[in-house]
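Worksheet for the structure shown next.
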Amino acid sequence: MTSKVTSIGLKGLEGYKVNVEVRTMQGTEAFVIVGLPDASVKESKERVTAALHGMGYTLVNQKVIINLSPSELKKTGPLYDLSMALGVLLSMKEITVRCPESTAFLGALSLDGGVRAVEGMLPAVLAAKKVGVDKIYMPFDEELPSLEIEGVDIFYVSSLDEVLQHLSGQNILPFLPQHRKEQQDLSTYIDFSQVIGHEYAKRALEVAAAGEHHLFMTGPPGCGKSMLAESFPSILPRLTKDAQLEVMSLYQMSTSMSRYSSQAPFRHPHHSSSGVSIIGGGQYPKPGEISLAHRGVLFLDEIAEFTKKTLDMLRQPLESGDITISRAHSTVTYPASFILIGAMNPCPCGYLGSLTHYCTCTQRQIIAYQNRLSGPIRDRFDLFLHLSPVNLKEHERSEQESSGAVQQRVKEAKRWQYERYNEEVCNGRVDYQRLMKKSPDLEEHLSFIHKLSSKQHWSNRMQIKVVRLARTIADLDQSEKVTEQHIWEAVKLHRRPHSEKNNATRIIGESLP
């Protein structure tokens with residue numbers, strides 16, 4: 001007899017329905033799993049056999065064939081143990097319960113018949129509703145939040161025996177997991193009030209947060225680049241419930257430490273990190289740093305020290321908001337919508353343009369150092385800051401604005417953008433045609449931007465970024481109309497540092513009121 005039980009497979013974060021087809025026959029004892037299983041799936045036969053034997057069911061003189069359909073997709077992980085065991089019992093007619101196709105079974109089996117949680121369960125549960133599942137049997141995982149998915153009933157079980165009892169109509173003690181307390185990790189982010197001075201840089205960070213614009217900082221060592229970047233997540237609005245689960249799914253897929261927090265993620269990889277660790281990949285592709293920074297911030301300190309190949313691989317995800325990884329075994333796509341903050345010294349010694357130190361670098365060394373960042377990568381930054389050390393005696397700590405106050409302005413500006421575009425998308429990422437359609441008053445400023453860009457040799461991408469910045473600045477001012485003042489501030493924020501010969505500084509200085 002052939003039986004069918006439903007489970008959920010994963011291809012990246014995308015889930016699909018897996019039909020576990022089982023057929024048992026009298027004959028030479030064997031246990032065969034087909035359907036492109038990996039090593040962890042093949043080992044399921046030992047776990048299933050031991051669990052069934054512990055419950056009094058024997059597979060002596062039985063040939064068991066299990067097909068994981070669709071057969072053309074690679075199956076990974078021990079997520080299918082529970083569905084396999086049920087399929088074997090149904091095929092042997094040891095049980096007569098119904099397992100409708102809309103009911104999915106997730107979990108690994110221990111040798112005594114217990115059901116254990118494994119990695120990848122959260123994205124599998126989130127994908128279940130999309131593939132037509134309305135009931136899920138799964139083990140409880142202390143690392144996961146309490147899941148409440150509309151239209152899907154979730155039953156937490158601790159053993160195969162409990163599953164059989166519930167399917168046969170018997171009442172079992174309900175397992176009511178306690179709600180996990182949210183990790184209070186706000187304290188790990190530096191508050192804006194702790195950053196003394198740098199008012200212009202704080203304004204740039206506020207604009208970057210409001211419109212999800214990428215930011216590039218240069219300056220001598222110790223001027224505050226890292227401190228500003230580490231304080232940046234504290235002004236980002238809290239994540240929604242769906243966003244939290246999406247971020248946590250990525251962390252679980254990467255086998256990183258579980259993360260369940262409403263705070264935007266902040267990733268700060270070292271410049272010695274490999275391209276695979278930054279972008280993602282491996283024989284069986286896993287999310288990289290850019291995906292772990294999804295809906296948050298990726299900070300590349302000493303960005304010029306990263307390999308040129310690694311930096312150039314960022315170009316596609318910065319534009320599209322996701323990363324597609326192709327390998328011989330599979331091709332997966334992970335979300336990677338993050339705000340990139342890059343920081344570097346202006347020259348190898350770090351003191352080019354400093355008023356307190358003498359730069360010892362030759363012109364050739366300076367050019368070679370700055371050329372480590374390719375033109376296409378520089379073009380993808382929206383805001384450019386050149387920082388200088390702050391005289392602490394000239395600033396009062398009590399006068400510094402807190403992150404909470406800035407966060408409220410950022411949150412309000414984002415609300416304006418969501419209402420304008422009727423979805424959760426910001427000016428830094430919305431389609432340009434859509435941006436212009438929703439803000440027709442920008443047309444009157446285009447001639448000036450084109451005139452300025454022709455003098456400064458700006459690319460089309462750079463001109464578009466100025467338009468996006470101006471729209472975000474207007475949203476922060478809660479202005480429906482983009483004014484000339486907004487355009488000037490956008491041009492000023494987008495100007496390149498002095499290390500790149502740019503006459504825009506002079507033009508702006510003469511034109512600003």
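Letters for chains follow the order of the structure tokens (A, B, ...), residue numbers begin at 1 for each chain, and ligand numbers begin at 1 in the order shown.
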
Sorted by chain and rising residue number, list the residues of stretch 230-286 of chain A at most 9 Å from stretch 292-301 of chain A (counting only C-alpha atoms), each with its closest atom pair and distance in Å to one decimal, as CSV.
residue,atom,partner,partner_atom,distance
A:Glu230,CA,A:Phe299,CA,8.3
A:Phe232,CA,A:Val297,CA,8.2
A:Pro233,CA,A:Val297,CA,7.0
A:Leu236,CA,A:Gly296,CA,8.2
A:Leu239,CA,A:Arg295,CA,8.0
A:Ala243,CA,A:Arg295,CA,7.6
A:Glu246,CA,A:His294,CA,8.8
A:Val247,CA,A:His294,CA,6.7
A:Met248,CA,A:Leu292,CA,8.8
A:Leu250,CA,A:Leu292,CA,6.3
A:Tyr251,CA,A:Leu292,CA,6.3
A:Ser254,CA,A:Leu292,CA,8.3
A:Gln263,CA,A:Gly296,CA,8.5
A:Ala264,CA,A:Gly296,CA,4.7
A:Pro265,CA,A:Gly296,CA,4.7
A:Phe266,CA,A:Val297,CA,4.8
A:Arg267,CA,A:Leu298,CA,5.0
A:His268,CA,A:Phe299,CA,5.0
A:Pro269,CA,A:Leu300,CA,6.7
A:His270,CA,A:Leu300,CA,7.6
A:His271,CA,A:Asp301,CA,7.4

Expected file contents, prior selection, C-alpha atoms, as a tab-separated table (two decimals), in the first residue's frame:
chain	number	residue	atom	x	y	z
A	230	GLU	CA	27.26	52.30	15.56
A	232	PHE	CA	22.85	54.81	13.44
A	233	PRO	CA	20.59	51.77	14.25
A	236	LEU	CA	15.78	53.42	12.88
A	239	LEU	CA	10.66	46.28	13.01
A	243	ALA	CA	9.83	41.81	9.61
A	246	GLU	CA	11.72	37.36	8.35
A	247	VAL	CA	14.99	38.48	9.92
A	248	MET	CA	14.91	35.61	12.41
A	250	LEU	CA	17.51	34.35	7.87
A	251	TYR	CA	19.49	33.96	11.08
A	254	SER	CA	22.55	30.73	8.46
A	263	GLN	CA	15.54	46.45	16.77
A	264	ALA	CA	16.97	46.68	13.26
A	265	PRO	CA	19.96	44.34	12.82
A	266	PHE	CA	23.46	45.81	12.65
A	267	ARG	CA	26.25	43.80	11.03
A	268	HIS	CA	29.88	44.86	11.22
A	269	PRO	CA	32.08	42.27	9.44
A	270	HIS	CA	35.86	42.54	9.61
A	271	HIS	CA	37.70	43.50	6.42

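When the distance limit is 9 Å and only C-alpha atoms are what count, the residues near A:Asp153, minus those fewer than 2 positions from it on the same chain, are Asp134, Lys135, Ile136, Tyr137, Glu148, Ile149, Glu150, Gly151 and Phe155 of chain A.
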
May I have the residues from that selection written out with C-alpha atoms, as a CSV table (one decimal), in the first residue's frame?
chain,number,residue,atom,x,y,z
A,134,ASP,CA,-3.9,24.9,7.2
A,135,LYS,CA,-2.6,22.6,10.0
A,136,ILE,CA,0.9,22.0,11.2
A,137,TYR,CA,2.3,19.4,13.7
A,148,GLU,CA,0.3,33.0,15.4
A,149,ILE,CA,-0.5,32.6,11.7
A,150,GLU,CA,-3.9,33.5,10.5
A,151,GLY,CA,-5.6,30.6,8.8
A,155,PHE,CA,-0.1,21.9,17.3

Which polymer residues have any atom within 8 Å of an atom of stretch 340-343 of chain A, counting only C-alpha atoms, with same-chain residues fewer than 2 positions away left out, as number ranges by chain?
-> A: 213-218, 225-226, 229, 297-303, 338, 345

Write a file of the selected residues as a CSV table (one decimal), in the first residue's frame, keeping C-alpha atoms.
chain,number,residue,atom,x,y,z
A,213,HIS,CA,20.0,55.9,1.6
A,214,HIS,CA,23.5,54.5,1.6
A,215,LEU,CA,26.2,56.6,3.3
A,216,PHE,CA,29.9,57.0,2.8
A,217,MET,CA,32.3,58.6,5.4
A,218,THR,CA,35.9,59.6,5.2
A,225,LYS,CA,33.3,57.5,12.0
A,226,SER,CA,32.8,54.2,13.8
A,229,ALA,CA,27.9,54.3,12.4
A,297,VAL,CA,22.5,48.2,8.6
A,298,LEU,CA,25.7,46.8,7.1
A,299,PHE,CA,28.7,48.7,8.3
A,300,LEU,CA,32.0,48.2,6.4
A,301,ASP,CA,34.7,49.9,8.4
A,302,GLU,CA,38.0,50.4,6.6
A,303,ILE,CA,36.1,49.6,3.4
A,338,PHE,CA,20.0,46.9,3.9
A,345,ASN,CA,40.6,57.0,5.8

Residue with smallest distance to A:Leu385 - pool A:Val115, A:Val32, A:Val332, A:Met344, counting only C-alpha atoms = A:Met344

A:Leu383 environment, 10 Å, only C-alpha atoms, sequence neighbours closer than 3 positions dropped, as a ChimeraX atom specification | /A:204-205,207-208,213-217,341,380,465-466,469,490-496

Shell around stretch 98-102 of chain A at 7 Å using only C-alpha atoms, local window under 2 positions removed, as a PyMOL selection string | chain A and resi 5-6+96+104+132-135

Deliver the residues from the most recent selection as a file, using C-alpha atoms, as a short mmCIF file (atom, residue, chain, number, x, y, z; two decimals), in the first residue's frame.
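Written file, selection.cif:
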data_model
loop_
_atom_site.label_atom_id
_atom_site.label_comp_id
_atom_site.auth_asym_id
_atom_site.auth_seq_id
_atom_site.Cartn_x
_atom_site.Cartn_y
_atom_site.Cartn_z
CA VAL A 5 2.05 12.54 4.05
CA THR A 6 2.78 16.26 3.58
CA THR A 96 -5.80 4.11 10.15
CA ALA A 104 1.98 19.23 7.34
CA GLY A 132 -2.04 25.73 1.04
CA VAL A 133 -1.34 24.18 4.46
CA ASP A 134 -3.88 24.93 7.18
CA LYS A 135 -2.64 22.64 9.98
#

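Among the residues of stretch 222-305 of chain A, backbone DSSP assigns alpha helix (DSSP H) to Lys225, Ser226, Met227, Leu228, Ala229, Glu230, Ser231, Lys241, Asp242, Ala243, Gln244, Leu245, Glu246, Val247, Met248, Ser249, Leu250, Tyr251, Gln252, Met253, Gly275, Val276, Ser277, Ile278, Ile279, Glu289, Ile290, Ser291 and Leu292 of chain A.
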
Take atom CA of A:Ala117 and atom CA of A:Ser330 and report the distance between them in Å, one decimal.
-> 24.4 Å

Using only C-alpha atoms, determine which residues lie at most 8 Å from A:Thr49, disregarding the query and same-chain residues fewer than 3 positions distant; provide the list as JSON, numbers by chain.
-> {"A": [45, 46, 52, 53, 58, 59]}

Tell me, as an MDAnalysis selection string, which residues lie within 10 Å of A:Arg203, counting only C-alpha atoms; anything in the same chain fewer than 6 positions away does not count.
-> chainID A and resid 209 406 473 493

Report as a ChimeraX atom specification: the residues of stretch 63-292 of chain A with a DSSP assignment of strand (DSSP E), based on the backbone of this structure.
-> /A:63-69,103-105,108-109,115-116,135-138,153-156,215-218,266-267,280-281,286-287

Residues of the last selection are to be written out with N, CA and C atoms, as a CSV table (one decimal), in the first residue's frame.
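Saved as out-v6.csv:
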chain,number,residue,atom,x,y,z
A,63,LYS,N,10.4,-4.2,2.9
A,63,LYS,CA,11.2,-3.3,2.0
A,63,LYS,C,10.4,-2.0,2.0
A,64,VAL,N,11.1,-0.9,2.5
A,64,VAL,CA,10.4,0.4,2.5
A,64,VAL,C,11.1,1.3,1.5
A,65,ILE,N,10.2,1.9,0.7
A,65,ILE,CA,10.7,2.8,-0.3
A,65,ILE,C,10.0,4.2,-0.1
A,66,ILE,N,10.8,5.2,0.1
A,66,ILE,CA,10.2,6.5,0.4
A,66,ILE,C,10.6,7.5,-0.8
A,67,ASN,N,9.7,8.1,-1.4
A,67,ASN,CA,9.9,9.1,-2.4
A,67,ASN,C,9.5,10.5,-1.9
A,68,LEU,N,10.5,11.4,-2.0
A,68,LEU,CA,10.3,12.8,-1.6
A,68,LEU,C,10.0,13.6,-2.8
A,69,SER,N,8.7,13.9,-3.1
A,69,SER,CA,8.3,14.6,-4.3
A,69,SER,C,8.0,16.1,-4.0
A,103,THR,N,-2.4,19.1,5.8
A,103,THR,CA,-1.8,19.0,7.1
A,103,THR,C,-0.4,18.7,6.9
A,104,ALA,N,0.5,19.5,7.5
A,104,ALA,CA,2.0,19.2,7.3
A,104,ALA,C,2.6,18.8,8.7
A,105,PHE,N,3.6,18.0,8.6
A,105,PHE,CA,4.3,17.4,9.7
A,105,PHE,C,5.8,17.8,9.6
A,108,ALA,N,12.4,16.5,13.6
A,108,ALA,CA,13.3,15.4,13.5
A,108,ALA,C,12.9,14.4,14.7
A,109,LEU,N,13.2,13.1,14.5
A,109,LEU,CA,12.9,12.1,15.5
A,109,LEU,C,14.2,11.7,16.3
A,115,VAL,N,10.0,14.0,19.3
A,115,VAL,CA,10.1,14.9,18.2
A,115,VAL,C,10.9,16.2,18.6
A,116,ARG,N,12.0,16.5,17.8
A,116,ARG,CA,12.9,17.5,18.1
A,116,ARG,C,12.9,18.6,17.0
A,135,LYS,N,-2.9,23.3,8.7
A,135,LYS,CA,-2.6,22.6,10.0
A,135,LYS,C,-1.2,22.1,10.0
A,136,ILE,N,-0.5,22.4,11.1
A,136,ILE,CA,0.9,22.0,11.2
A,136,ILE,C,1.1,21.3,12.6
A,137,TYR,N,1.8,20.1,12.5
A,137,TYR,CA,2.3,19.4,13.7
A,137,TYR,C,3.8,19.6,13.8
A,138,MET,N,4.2,20.2,14.9
A,138,MET,CA,5.7,20.5,15.0
A,138,MET,C,6.1,20.5,16.5
A,153,ASP,N,-3.5,26.4,11.9
A,153,ASP,CA,-3.5,25.9,13.2
A,153,ASP,C,-2.2,25.1,13.5
A,154,ILE,N,-1.5,25.5,14.6
A,154,ILE,CA,-0.2,24.9,14.9
A,154,ILE,C,-0.4,24.1,16.2
A,155,PHE,N,0.0,22.8,16.1
A,155,PHE,CA,-0.1,21.9,17.3
A,155,PHE,C,1.3,21.5,17.6
A,156,TYR,N,1.7,21.8,18.9
A,156,TYR,CA,3.0,21.5,19.4
A,156,TYR,C,3.0,20.1,20.0
A,215,LEU,N,25.4,55.5,2.8
A,215,LEU,CA,26.2,56.6,3.3
A,215,LEU,C,27.7,56.2,3.3
A,216,PHE,N,28.5,57.2,2.9
A,216,PHE,CA,29.9,57.0,2.8
A,216,PHE,C,30.6,58.0,3.6
A,217,MET,N,31.6,57.6,4.5
A,217,MET,CA,32.3,58.6,5.4
A,217,MET,C,33.8,58.4,5.2
A,218,THR,N,34.4,59.6,5.2
A,218,THR,CA,35.9,59.6,5.2
A,218,THR,C,36.3,60.6,6.3
A,266,PHE,N,22.3,45.1,13.0
A,266,PHE,CA,23.5,45.8,12.6
A,266,PHE,C,24.6,44.8,12.5
A,267,ARG,N,25.2,44.7,11.3
A,267,ARG,CA,26.2,43.8,11.0
A,267,ARG,C,27.5,44.6,10.7
A,280,GLY,N,27.3,35.4,0.9
A,280,GLY,CA,26.5,34.2,1.1
A,280,GLY,C,27.0,33.1,0.1
A,281,GLY,N,26.7,31.9,0.4
A,281,GLY,CA,27.1,30.8,-0.5
A,281,GLY,C,27.5,29.6,0.2
A,286,LYS,N,24.2,29.3,2.0
A,286,LYS,CA,23.6,29.9,3.2
A,286,LYS,C,23.6,31.4,3.1
A,287,PRO,N,22.8,32.1,3.9
A,287,PRO,CA,22.8,33.6,3.9
A,287,PRO,C,24.1,34.1,4.4
